[in-house]
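One structure is given here, and the rest of the page talks about it.
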Amino acid sequence: MVRLVKPSIFFMALIPFIWLLLKVFQNDLGPDPAQALSIETGEWALRFLLLTLAITPFRQIFRMAEIARLRRMIGLFAFFYASIHFLSWMAFILGFRWLAIAEELVERPYITVGFLAYVILFLLGVTSTNSMVRRLGKNWKRLHKFVYAASILAIVHLLWILRTDVTEAVIYGVLLVILLGYRIIRKLKLNFA
Amino acid sequence: MIIKKPSDIKPSEITPESVYLNRRDFIKNGTKLIAGSAGIASSFTAMAQEGDALKARAPAAMRRTPPAAWWAAKFSNIKPAPDSEPYFTSEPLTPYEDVTIYNNFYEFGMNKADPATRSGEFKTEPWTVEITGEVAKPGKYDLEDLMKPMDLQERIYRLRCVEAWSMVIPWIGFPLADLIKQFEPTSKAKFVEFETIVDADSMPGINSRFAIVSWPYREGLRIDEATNPLTFIAVGLYGSYLPAQNGAPWRLVVPWKYGFKSIKSIVKINFRETQPNTTWNDLQANEYGFYANVNPEVHHPRWRQDMERRLPQTLLSRRVIETQMFNGYGEHVAHMYDGMDLSRYY
C-alpha cells in the first residue's frame with residue numbers, strides 16, 4: 001500500500017510549493033511578496049514538522065507499522081519548506097547583504113532561535129540517507145532526537161514574531177505539547193511497567 | 001492558507017502597466033471620454049485636466065467619485081508637484097493599486113488588505129473636526145469649511161514604514177502649518193495631538209477580539225514639527241480623493257518619520273503644552289518612540305532599520321535599498337533635533 005500512498009503524498013506535499021510558485025510568477029502575492037512568502041513557507045515547514053512528529057504516535061496507537069516509511073519523506077518536506085523560508089528571508093528582506101544577515105542571526109533573538117531550528121533540520125536532512133543511517137549507527141538515533149528541539153525552537157520563533165493574533169501559534173503549540181507529551185508519558189509507562 | 005486576495009477588485013479593473021505608463025497621454029486623449037462617462041463630477045475633473053501638469057493620476061478605471069460635490073470643485077485646481085526635492089522625488093512611484101491595497105489601518109483589520117476590502121461602509125461625508133486646547137479659535141468645524149481657504153497641491157514623498165517597507169506616493173493636500181494658522185495657537189501650544197475616528201459600525205477592526213489598540217488611535221507632533229513646511233495634510237493621492245484605506249477624508253503625512261506617525265482619518269486636533277501620549281508608544285515604549293524619526297542607526301527590536309523593501313517587490317526585482325537618515329529629508333528637518341540624542345529619543 002505504501003508504494004501507492006507514498007508518491008501521492010509526495011505530490012500532495014508539493015502542492016503548497018507549486019501554488020506559491022505560480023503566485024510568485026504571476027506577481028500575485030501583492031506588493032510585498034516577502035511577507036507573504038516567508039509567512040507561508042514558515043507555516044508549511046512547521047506543519048510538516050508536526051506531521052513528522054505525529055507519525056510515530058499514529059503508528060503505535062493504530063498499529064500501522066507501514067506508515068513509518070513515510071516519516072523520512074515528510075520530515076524532508078519540513079526541511080524543504082524551511083529552506084525556502086530561510087532563503088526568501090535572505091533574498092527579499094535582506095537583499096542578500098551578508099553582513100546584515102550575519103548580524104541579524106546573532107543579534108535578533110527570534111531570528112537566532114529560528115536559525116537554530118533550521119540548522120538542526122539541515123543536519124537531520126543531510127543525514128537522512130540510507131548510507132548515513134548505516135554509517136552513524138547508534139548515533140543516528142541520538143542525532144535525530146534533536147527534531148524535538150527543532151520543533152520547540154520553531155514554535156518559540158513563531159510566538160516571538162507575532163504581535164497580535166496568536167491563535168494559530170497556540171494551536172501549533174498545543175499540538176506539539178500533545179505530540180511530545182505522548183512520548184514522555186509512554187516512556188514513563190514503559191520505565192515503570 | 002491565509003493569503004487573501006482582495007475580492008472586490010476584478011482583474012478586469014486593474015490597469016495594465018503599459019496603460020499606466022502612458023497615463024499622461026491617456027489622460028490627454030481621454031478627457032472627453034471621462035467627461036462623458038462620470039456625471040456631474042467629471043466636468044470638474046475635465047476642467048482640471050486642461051493644461052493639467054499633475055505628476056500622477058489614478059488609473060482611469062480606479063478613479064474615485066467625489067464624496068460630495070464640493071470635493072470635486074476643490075480638486076479642480078491642484079498645483080502640480082515641483083520638479084525638485086524635497087516636495088518631489090524622481091524615484092519611481094509605487095503604483096496606485098499597490099498604494100491602495102497594502103495598508104496598516106487596524107481599525108479595519110490586521111491584514112494588509114483588510115483596510116481596502118473591509119472599508120466599504122465607511123462614510124466621510126459629512127466630516128466634523130473638533131479643535132481643542134491652546135488655540136484662540138477652538139470649536140467643531142465642518143471639514144468643508146476648514147478646507148475652503150486651502151489651495152491644494154501635489155507632493156511626491158517617500159513613505160517609510162517601521163516594518164521596513166517603503167513606497168513613493170503622490171499626495172494631494174496642503175501644509176499642516178497653513179491649517180494650524182486658522183486656529184491661532186497660543187504661546188502655550190507646544191505640541192499637537194491628533195485622534196482618528198472610532199466608528200465601530202463601519203470599522204470592523206474596532207471590536208475585533210484581536211484588537212490590541214485602545215481606540216481612538218492617537219498621534220502627536222511637537223509644534224515645530226507640525227509647522228515644518230514638509231508636514232502635510234493629504235486629502236488625496238494620484239490626483240484623486242483619498243480612499244478609506246489611506247485615511248479618508250484627510251490624514252497626516254510626515255515624510256521623515258515612520259508611517260505610524262502619519263495618522264489617518266482625523267477627527268480631533270488638540271493643542272497642548274505637554275507631550276501627548278501616542279498609541280504605539282503606549283503599547284510598546286521600547287519599540288516605538290514618540291519621535292519615530294526614520295533612523296538607520298537605531299534598530300527596532302523586530303526590524304532592521306538600515307534597509308527597506310521598496311514596494312512593489314517582485315521575484316526578479318527585489319528592490320532592497322538603503323534607508324536614509326530622516327528618510328532623506330535631513331536637510332530640511334535635522335535642525336529641529338540639534339543637540340538631541342536620537343538613540344534615546346527614537
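So you can find residues: chains in the C-alpha cells are A, B, ... in the order shown, residues in each start at 1, and ligands are numbered from 1 in order.
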
Could you make a table, as JSON lines, of the residues of chain A that have an atom within 8 Å of an atom of chain B, each with its nearest atom pair and distance in Å to one decimal, counting only C-alpha atoms, in chain and number order?
{"residue": "A:Val24", "atom": "CA", "partner": "B:Leu315", "partner_atom": "CA", "distance": 6.7}
{"residue": "A:Phe25", "atom": "CA", "partner": "B:Leu315", "partner_atom": "CA", "distance": 7.4}
{"residue": "A:Asn27", "atom": "CA", "partner": "B:Thr314", "partner_atom": "CA", "distance": 6.5}
{"residue": "A:Leu29", "atom": "CA", "partner": "B:Ile3", "partner_atom": "CA", "distance": 7.8}
{"residue": "A:Gly30", "atom": "CA", "partner": "B:Asp98", "partner_atom": "CA", "distance": 7.5}
{"residue": "A:Pro31", "atom": "CA", "partner": "B:Pro312", "partner_atom": "CA", "distance": 4.1}
{"residue": "A:Asp32", "atom": "CA", "partner": "B:Gln313", "partner_atom": "CA", "distance": 5.8}
{"residue": "A:Pro33", "atom": "CA", "partner": "B:Gln313", "partner_atom": "CA", "distance": 6.5}
{"residue": "A:Ala34", "atom": "CA", "partner": "B:Gln313", "partner_atom": "CA", "distance": 7.7}
{"residue": "A:Ala36", "atom": "CA", "partner": "B:Ile3", "partner_atom": "CA", "distance": 7.0}
{"residue": "A:Glu40", "atom": "CA", "partner": "B:Met1", "partner_atom": "CA", "distance": 7.3}
{"residue": "A:Ala91", "atom": "CA", "partner": "B:Arg318", "partner_atom": "CA", "distance": 7.7}
{"residue": "A:Phe92", "atom": "CA", "partner": "B:Arg318", "partner_atom": "CA", "distance": 5.9}
{"residue": "A:Ile93", "atom": "CA", "partner": "B:Arg309", "partner_atom": "CA", "distance": 6.8}
{"residue": "A:Leu94", "atom": "CA", "partner": "B:Val320", "partner_atom": "CA", "distance": 6.8}
{"residue": "A:Gly95", "atom": "CA", "partner": "B:Val320", "partner_atom": "CA", "distance": 5.4}
{"residue": "A:Glu104", "atom": "CA", "partner": "B:Arg304", "partner_atom": "CA", "distance": 8.0}
{"residue": "A:Arg108", "atom": "CA", "partner": "B:Pro301", "partner_atom": "CA", "distance": 7.2}
{"residue": "A:Ile161", "atom": "CA", "partner": "B:Arg302", "partner_atom": "CA", "distance": 7.6}
{"residue": "A:Thr164", "atom": "CA", "partner": "B:Phe210", "partner_atom": "CA", "distance": 6.3}
{"residue": "A:Asp165", "atom": "CA", "partner": "B:Phe210", "partner_atom": "CA", "distance": 5.7}

Would you pick out the contacts of stretch 258-273 of chain B at 6 Å or less, using only C-alpha atoms, so that residues sharing its chain but fewer than 4 positions from it are not included, and give the list as a PDB file with C-alpha atoms, in the first residue's frame?
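Result written to selection-v2.pdb:
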ATOM      1  CA  VAL B 129     -13.353  68.003  13.268  1.00  0.00           C
ATOM      2  CA  GLU B 130     -13.002  69.097  16.848  1.00  0.00           C
ATOM      3  CA  ILE B 131     -10.287  71.620  17.631  1.00  0.00           C
ATOM      4  CA  THR B 132      -9.406  71.964  21.301  1.00  0.00           C
ATOM      5  CA  GLY B 133      -6.737  73.222  23.669  1.00  0.00           C
ATOM      6  CA  GLU B 134      -4.329  76.112  23.397  1.00  0.00           C
ATOM      7  CA  ARG B 160       8.898  54.571   5.159  1.00  0.00           C
ATOM      8  CA  CYS B 161       7.047  52.121   7.393  1.00  0.00           C
ATOM      9  CA  VAL B 162       8.659  50.963  10.610  1.00  0.00           C
ATOM     10  CA  LYS B 188       1.333  77.562  25.251  1.00  0.00           C
ATOM     11  CA  ALA B 189       0.727  75.351  22.229  1.00  0.00           C
ATOM     12  CA  LYS B 190       3.925  73.281  22.317  1.00  0.00           C
ATOM     13  CA  PHE B 191       2.507  70.027  20.971  1.00  0.00           C
ATOM     14  CA  VAL B 192      -0.255  68.972  18.622  1.00  0.00           C
ATOM     15  CA  GLU B 193      -2.258  65.847  19.317  1.00  0.00           C
ATOM     16  CA  PHE B 194      -4.397  64.031  16.732  1.00  0.00           C
ATOM     17  CA  GLU B 195      -7.125  61.431  17.005  1.00  0.00           C
ATOM     18  CA  THR B 196      -8.570  59.027  14.445  1.00  0.00           C
ATOM     19  CA  ILE B 197     -12.315  58.480  14.172  1.00  0.00           C
ATOM     20  CA  GLY B 247      -7.077  57.641   5.687  1.00  0.00           C
ATOM     21  CA  ALA B 248     -10.056  59.394   4.091  1.00  0.00           C
ATOM     22  CA  PRO B 249     -11.098  62.114   4.185  1.00  0.00           C
ATOM     23  CA  TRP B 250      -7.838  63.561   5.466  1.00  0.00           C
ATOM     24  CA  ARG B 251      -4.697  62.301   7.089  1.00  0.00           C
ATOM     25  CA  LEU B 252      -1.319  63.464   8.230  1.00  0.00           C
ATOM     26  CA  VAL B 253       1.833  62.857   6.160  1.00  0.00           C
ATOM     27  CA  VAL B 254       5.157  63.336   7.930  1.00  0.00           C
ATOM     28  CA  ALA B 292       9.892  57.943  15.473  1.00  0.00           C
ATOM     29  CA  VAL B 294      13.452  57.404  10.316  1.00  0.00           C
TER      30      VAL B 294
END

Do you know which residues are at most 8 Å from A:Leu105 counting only C-alpha atoms, after dropping those on the same chain fewer than 6 positions away, and could you put them as a short mmCIF file (atom, residue, chain, number, x, y, z; two decimals) with N, CA and C atoms, in the first residue's frame?
data_model
loop_
_atom_site.label_atom_id
_atom_site.label_comp_id
_atom_site.auth_asym_id
_atom_site.auth_seq_id
_atom_site.Cartn_x
_atom_site.Cartn_y
_atom_site.Cartn_z
N ILE A 111 15.21 35.54 15.54
CA ILE A 111 15.85 35.01 14.33
C ILE A 111 16.87 33.94 14.70
N THR A 112 17.62 34.18 15.77
CA THR A 112 18.59 33.19 16.23
C THR A 112 17.90 31.85 16.49
N PHE A 115 16.85 30.22 13.34
CA PHE A 115 18.02 29.72 12.62
C PHE A 115 18.53 28.42 13.25
#

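Surrounding stretch 139-153 of chain B within 8 Å are Trp70, Lys74, Phe75, Asn77, Ile78, Lys79, Pro80, Ala81, Pro126, Trp127, Thr128, Val129, Glu130, Ile131, Thr132, Ile172, Gly173, Phe174, Asp178 and Leu179 of chain B, with only C-alpha atoms counted and residues fewer than 5 positions along the same chain left out.
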